[in-house]
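In what follows, a structure is listed as C-alpha cells, so that the remarks can point back to it.
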2 protein chains.
Amino acid sequence: MSADPSTAEEIMAGVHHALREYGYADLTMQDIADACSKSKSLLHYHYDTKEDLLVAFLDHLITTFERCVEAGRDRPATERLVEFIAWFGFDPDETDREHFHIALLELRSQGPFNDRIRSRLQRSDRVFRDTVAEIIEQGIEEGVFEPVDVTETAALLVATLDGARTRQITLGELDVDGDTYTRTVARTLIDRVVDPILVDGVELPDVSSVEVLLPRDEPVAVPAVDDSPSTGDDR
Amino acid sequence: MSADPSTAEEIMAGVHHALREYGYADLTMQDIADACSKSKSLLHYHYDTKEDLLVAFLDHLITTFERCVEAGRDRPATERLVEFIAWFGFDPDETDREHFHIALLELRSQGPFNDRIRSRLQRSDRVFRDTVAEIIEQGIEEGVFEPVDVTETAALLVATLDGARTRQITLGELDVDGDTYTRTVARTLIDRVVDPILVDGVELPDVSSVEVLLPRDEPVAVPAVDDSPSTGDDR
C-alpha cells in the first residue's frame with residue numbers, strides 16, 4: 001500500500017540517507033527504517049519488499065527531477081542547458097553526493113538482472129535525454145542555437161556527463177587537466193560541442209556560476225511536520 | 001608467489017570467464033578455479049586472496065591493452081583514433097562482453113572503498129587518456145589534426161565513450177536514435193568532436209568498418225599447451 005505523501009517523503013529521505021551511508025549491496029530494511037526513524041514493520045506495511053521500496057525510490061527521484069525541469073521551463077535555453085551540465089558536476093568535498101552516486105552505480109549494475117530496476121533506469125535515461133533535446137529545441141526556436149539533430153546531441157551530452165561523473169566518483173581525487181573529472185569534461189563539452197552550435201553573438205552563462213535549480217540529488221526535503229510516533233496504521 | 005607465464009595466462013582467462021559468468025559480487029576463488037580447471041589451492045598458492053587475484057587481473061588487462069597500443073603505433077593517427085572509438089562499441093548480441101563489463105562496473109563501484117582497486121582504476125584511466133592524447137599528438141605532427149588541447153580532448157573522449165558503454169550495458173537493448181547507445185554516441189562524437197579538428201581535406205575511416213586490433217576485452221588467449229593436471233607445485 002502506498003504511504004501518504006508526508007510519510008512517503010520521510011521514507012524516501014530515509015532511503016537516500018541509508019544508500020549514502022551503507023551503499024546498495026548491504027542495504028537492509030532496518031537501515032532504512034533507522035535512517036527515517038520509522039519501524040521496519042511500517043516500511044513493510046507500505047512496501048512489501050526492499051526491491052519495492054528501491055523501485056519506488058527510483059520513481060521518486062525521476063519524478064522529482066521532472067518537476068524541477070517543469071518548474072524551470074520559462075528560463076532561457078542557454079541557462080537551462082548550462083544548468084543541466086553543471087548539475088552533473090561534483091566539488092571534491094561533496095562526499096555525501098559521491099557516496100550516494102556510488103550506491104546508484106551499484107544499483108545500476110543490477111539493471112541487466114532485474115526488469116523492474118532496468119525499466120526505471122530506462123525511464124531515467126529517457127527523461128534526461130528528452131530534457132536536453134527539449135532545451136536544444138527551445139534554443140533553436142529562440143534563435144540561440146543553430147538547427148542541429150537534437151536527439152543525437154542529447155545522447156552525446158548525457159553519455160559524456162554520465163561518464164565523467166562515473167569516473168570521478170570511482171577514481172577518487174584525480175587531477176584531470178588541473179581540475180576534477182566532471183569540471184574538466186563539462187568545460188571541454190561546452191567548448192567543443194555546445195559553443196559550436198551557438199548562433200553568432202550568443203553567449204553562454206559561465207558554468208561555474210550558474211545556479212543549479214535541479215535537485216542536487218537531495219530530491220526530498222523531509223517535511224517538518226508530523227512528529228507523532230509512527231504506527232502500523234499510518235497510511 | 002607469481003605464476004609462470006602460461007599458468008598465469010590460464011588463471012587470468014579463468015578470472016575473465018568467471019566474472020562474465022558470476023559477476024563480481026558473488027565471485028569465489030572456487031568459481032575461478034573451476035573456470036580455468038585449476039585447483040583452488042593452486043590459485044591460493046599464487047594469489048593469497050581473491051583481492052590479490054583481482055588486482056593482478058586488472059593489471060593484466062591494462063598491460064595487455066598497453067601492448068596492443070604499442071603494437072599499433074606505426075599506423076596513421078586517424079585509423080588509430082577511430083579504432084579507439086570503435087573499441088568501446090557493442091553489438092547488441094555481444095552478451096559475453098556485456099556480462100564482463102557489468103562485472104567490471106560492479107568492481108569499479110568498489111574504487112572508493114579499496115585503495116588497491118582504485119589505484120588500478122586510476123592507472124587504467126591514465127592509460128586510456130594518455131593513449132588518446134598520444135594519438136592526437138601524432139595526428140597533429142602528421143598534419144591531419146588541427147592543433148588542439150590534447151589533454152582535455154582525451155578526457156572528453158574517454159568520458160563520453162565510457163558513459164555510452166555504461167548506459168548501454170545497464171539499460172539493455174534500448175533504441176537511441178535508431179541504433180545502440182554506443183554506436184549513436186560514437187557516430188555523434190566523431191561528427192561533433194573529431195571531424196571539427198580534422199585538417200581540411202582529411203577523411204576519417206568509417207567507424208563501422210575499422211578493424212579493431214585492440215583487445216576486445218578478451219585480453220588473454222588461453223594457450224593451447226600443458227594438458228597435464230594442475231598440481232600444488234605448478235609454478
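Residues in the C-alpha cells are numbered from 1 in each chain, the chains being A, B, ... in the order shown, and ligands are numbered from 1 in the order shown.
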Extract, using only C-alpha atoms, all DNA, RNA and protein residues at most 7 Å from stretch 140-147 of chain A, discarding same-chain residues fewer than 4 positions from it, and format them as an mmCIF file with N, CA, C and O atoms, in the first residue's frame.
data_model
loop_
_atom_site.group_PDB
_atom_site.id
_atom_site.type_symbol
_atom_site.label_atom_id
_atom_site.label_comp_id
_atom_site.auth_asym_id
_atom_site.auth_seq_id
_atom_site.Cartn_x
_atom_site.Cartn_y
_atom_site.Cartn_z
ATOM 1 N N ILE A 136 17.368 22.045 -26.247
ATOM 2 C CA ILE A 136 18.004 22.456 -27.511
ATOM 3 C C ILE A 136 16.947 22.905 -28.524
ATOM 4 O O ILE A 136 17.123 23.905 -29.227
ATOM 5 N N ILE A 197 27.387 25.156 -31.592
ATOM 6 C CA ILE A 197 26.005 25.235 -32.075
ATOM 7 C C ILE A 197 25.340 26.561 -31.683
ATOM 8 O O ILE A 197 24.166 26.784 -31.974
ATOM 9 N N LEU A 198 26.097 27.433 -31.007
ATOM 10 C CA LEU A 198 25.537 28.747 -30.665
ATOM 11 C C LEU A 198 25.467 29.626 -31.919
ATOM 12 O O LEU A 198 26.396 29.630 -32.727
ATOM 13 N N VAL A 199 24.380 30.339 -32.065
ATOM 14 C CA VAL A 199 24.267 31.335 -33.122
ATOM 15 C C VAL A 199 25.274 32.455 -32.826
ATOM 16 O O VAL A 199 25.507 32.790 -31.658
ATOM 17 N N VAL A 202 25.757 34.912 -29.615
ATOM 18 C CA VAL A 202 25.109 34.432 -28.391
ATOM 19 C C VAL A 202 26.181 33.938 -27.427
ATOM 20 O O VAL A 202 27.141 33.280 -27.834
#
Go through chain A residue by residue and, counting only C-alpha atoms, keep those with an atom at most 7 Å from chain B; for each kept residue give the shortest atom pair and its distance in Å to one decimal, ordered by chain and increasing number, as CSV.
residue,atom,partner,partner_atom,distance
A:Ile102,CA,B:Ser109,CA,5.9
A:Leu105,CA,B:Ser109,CA,6.4
A:Glu106,CA,B:Glu106,CA,6.0
A:Arg108,CA,B:Thr170,CA,6.1
A:Ser109,CA,B:Ile102,CA,5.9
A:Gly111,CA,B:Thr170,CA,4.9
A:Pro112,CA,B:Thr170,CA,5.8
A:Arg118,CA,B:Leu171,CA,5.9
A:Leu121,CA,B:Leu171,CA,6.4
A:Gln122,CA,B:Leu171,CA,5.7
A:Thr151,CA,B:Asp177,CA,6.4
A:Glu152,CA,B:Thr188,CA,6.3
A:Ala155,CA,B:Val185,CA,6.4
A:Leu156,CA,B:Val185,CA,5.3
A:Ala159,CA,B:Gly163,CA,4.5
A:Thr160,CA,B:Thr160,CA,3.8
A:Asp162,CA,B:Gly163,CA,5.2
A:Gly163,CA,B:Gly163,CA,3.6
A:Ala164,CA,B:Ala159,CA,4.9
A:Thr170,CA,B:Gly111,CA,4.9
A:Leu171,CA,B:Gln122,CA,5.7
A:Gly172,CA,B:Pro112,CA,6.4
A:Asp177,CA,B:Thr151,CA,6.4
A:Thr184,CA,B:Glu152,CA,6.9
A:Val185,CA,B:Leu156,CA,5.4
A:Thr188,CA,B:Glu152,CA,6.4
A:Leu189,CA,B:Leu156,CA,6.9
A:Arg192,CA,B:Val193,CA,6.3
A:Val193,CA,B:Arg192,CA,6.3
Residues from last step as file, N, CA and C atoms, as a PDB file, in the first residue's frame:
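Output contents, as saved in part21.pdb:
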ATOM      1  N   ILE A 102      27.808   6.495  -5.799  1.00  0.00           N
ATOM      2  CA  ILE A 102      28.442   5.168  -5.805  1.00  0.00           C
ATOM      3  C   ILE A 102      27.371   4.100  -5.574  1.00  0.00           C
ATOM      4  N   LEU A 105      25.470   3.619  -8.635  1.00  0.00           N
ATOM      5  CA  LEU A 105      26.241   2.857  -9.624  1.00  0.00           C
ATOM      6  C   LEU A 105      26.121   1.357  -9.347  1.00  0.00           C
ATOM      7  N   GLU A 106      26.201   0.999  -8.070  1.00  0.00           N
ATOM      8  CA  GLU A 106      25.994  -0.411  -7.683  1.00  0.00           C
ATOM      9  C   GLU A 106      24.610  -0.869  -8.130  1.00  0.00           C
ATOM     10  N   ARG A 108      22.782   0.430 -10.480  1.00  0.00           N
ATOM     11  CA  ARG A 108      22.696   0.369 -11.945  1.00  0.00           C
ATOM     12  C   ARG A 108      23.263  -0.941 -12.481  1.00  0.00           C
ATOM     13  N   SER A 109      24.264  -1.470 -11.804  1.00  0.00           N
ATOM     14  CA  SER A 109      24.849  -2.723 -12.299  1.00  0.00           C
ATOM     15  C   SER A 109      23.877  -3.892 -12.131  1.00  0.00           C
ATOM     16  N   GLY A 111      20.857  -3.580 -13.349  1.00  0.00           N
ATOM     17  CA  GLY A 111      19.954  -3.396 -14.481  1.00  0.00           C
ATOM     18  C   GLY A 111      19.732  -4.648 -15.324  1.00  0.00           C
ATOM     19  N   PRO A 112      20.820  -5.306 -15.712  1.00  0.00           N
ATOM     20  CA  PRO A 112      20.636  -6.455 -16.602  1.00  0.00           C
ATOM     21  C   PRO A 112      19.911  -7.629 -15.937  1.00  0.00           C
ATOM     22  N   ARG A 118      15.690  -2.126 -14.198  1.00  0.00           N
ATOM     23  CA  ARG A 118      16.090  -1.698 -15.546  1.00  0.00           C
ATOM     24  C   ARG A 118      15.053  -0.756 -16.160  1.00  0.00           C
ATOM     25  N   LEU A 121      15.697   2.600 -14.837  1.00  0.00           N
ATOM     26  CA  LEU A 121      16.918   3.191 -15.402  1.00  0.00           C
ATOM     27  C   LEU A 121      16.638   3.692 -16.814  1.00  0.00           C
ATOM     28  N   GLN A 122      15.841   2.918 -17.544  1.00  0.00           N
ATOM     29  CA  GLN A 122      15.493   3.335 -18.908  1.00  0.00           C
ATOM     30  C   GLN A 122      14.631   4.596 -18.883  1.00  0.00           C
ATOM     31  N   THR A 151      18.251  14.887 -31.118  1.00  0.00           N
ATOM     32  CA  THR A 151      18.266  13.561 -30.490  1.00  0.00           C
ATOM     33  C   THR A 151      19.692  13.065 -30.267  1.00  0.00           C
ATOM     34  N   GLU A 152      20.516  13.163 -31.306  1.00  0.00           N
ATOM     35  CA  GLU A 152      21.890  12.675 -31.149  1.00  0.00           C
ATOM     36  C   GLU A 152      22.703  13.615 -30.260  1.00  0.00           C
ATOM     37  N   ALA A 155      21.890  12.596 -26.714  1.00  0.00           N
ATOM     38  CA  ALA A 155      22.543  11.335 -26.328  1.00  0.00           C
ATOM     39  C   ALA A 155      24.022  11.567 -26.028  1.00  0.00           C
ATOM     40  N   LEU A 156      24.664  12.386 -26.860  1.00  0.00           N
ATOM     41  CA  LEU A 156      26.092  12.678 -26.652  1.00  0.00           C
ATOM     42  C   LEU A 156      26.307  13.383 -25.312  1.00  0.00           C
ATOM     43  N   ALA A 159      25.582  10.943 -22.261  1.00  0.00           N
ATOM     44  CA  ALA A 159      26.638   9.924 -22.116  1.00  0.00           C
ATOM     45  C   ALA A 159      27.916  10.546 -21.563  1.00  0.00           C
ATOM     46  N   THR A 160      28.273  11.716 -22.083  1.00  0.00           N
ATOM     47  CA  THR A 160      29.519  12.364 -21.667  1.00  0.00           C
ATOM     48  C   THR A 160      29.488  12.751 -20.187  1.00  0.00           C
ATOM     49  N   ASP A 162      27.522  11.587 -17.831  1.00  0.00           N
ATOM     50  CA  ASP A 162      27.446  10.380 -17.009  1.00  0.00           C
ATOM     51  C   ASP A 162      28.825   9.723 -16.884  1.00  0.00           C
ATOM     52  N   GLY A 163      29.542   9.639 -17.994  1.00  0.00           N
ATOM     53  CA  GLY A 163      30.878   9.027 -17.975  1.00  0.00           C
ATOM     54  C   GLY A 163      31.833   9.795 -17.076  1.00  0.00           C
ATOM     55  N   ALA A 164      31.789  11.121 -17.154  1.00  0.00           N
ATOM     56  CA  ALA A 164      32.685  11.935 -16.326  1.00  0.00           C
ATOM     57  C   ALA A 164      32.360  11.738 -14.847  1.00  0.00           C
ATOM     58  N   THR A 170      34.449   6.990  -8.999  1.00  0.00           N
ATOM     59  CA  THR A 170      35.149   5.712  -8.793  1.00  0.00           C
ATOM     60  C   THR A 170      36.661   5.919  -8.644  1.00  0.00           C
ATOM     61  N   LEU A 171      37.201   6.970  -9.225  1.00  0.00           N
ATOM     62  CA  LEU A 171      38.657   7.161  -9.221  1.00  0.00           C
ATOM     63  C   LEU A 171      39.129   8.007  -8.055  1.00  0.00           C
ATOM     64  N   GLY A 172      38.206   8.641  -7.354  1.00  0.00           N
ATOM     65  CA  GLY A 172      38.602   9.482  -6.228  1.00  0.00           C
ATOM     66  C   GLY A 172      39.201  10.784  -6.721  1.00  0.00           C
ATOM     67  N   ASP A 177      43.696  17.410 -16.031  1.00  0.00           N
ATOM     68  CA  ASP A 177      43.954  18.701 -16.671  1.00  0.00           C
ATOM     69  C   ASP A 177      43.733  19.851 -15.683  1.00  0.00           C
ATOM     70  N   THR A 184      36.484  19.337 -15.721  1.00  0.00           N
ATOM     71  CA  THR A 184      37.267  19.379 -16.955  1.00  0.00           C
ATOM     72  C   THR A 184      36.412  18.969 -18.149  1.00  0.00           C
ATOM     73  N   VAL A 185      35.627  17.904 -17.963  1.00  0.00           N
ATOM     74  CA  VAL A 185      34.814  17.420 -19.077  1.00  0.00           C
ATOM     75  C   VAL A 185      33.677  18.398 -19.377  1.00  0.00           C
ATOM     76  N   THR A 188      35.143  21.249 -21.359  1.00  0.00           N
ATOM     77  CA  THR A 188      35.509  20.857 -22.725  1.00  0.00           C
ATOM     78  C   THR A 188      34.270  20.579 -23.567  1.00  0.00           C
ATOM     79  N   LEU A 189      33.261  19.979 -22.932  1.00  0.00           N
ATOM     80  CA  LEU A 189      31.999  19.710 -23.630  1.00  0.00           C
ATOM     81  C   LEU A 189      31.371  21.022 -24.114  1.00  0.00           C
ATOM     82  N   ARG A 192      33.619  22.396 -27.018  1.00  0.00           N
ATOM     83  CA  ARG A 192      33.692  21.638 -28.263  1.00  0.00           C
ATOM     84  C   ARG A 192      32.344  21.270 -28.859  1.00  0.00           C
ATOM     85  N   VAL A 193      31.324  21.146 -28.002  1.00  0.00           N
ATOM     86  CA  VAL A 193      30.033  20.671 -28.514  1.00  0.00           C
ATOM     87  C   VAL A 193      28.952  21.748 -28.439  1.00  0.00           C
TER      88      VAL A 193
END
Could you give me the residues within stretch 7-225 of chain A that DSSP places in helix (DSSP H, G or I), as a ChimeraX atom specification? /A:7-22,29-35,40-46,50-71,77-87,95-108,111-113,115-142,150-171,181-197
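Between atom CA of A:Phe100 and atom CA of A:Leu54 there is a distance of 13.4 Å.
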What gap, in Å, lies between atom CA of A:Ala35 and atom CA of A:Val15?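 That distance, rounded to one decimal, is 7.4 Å.
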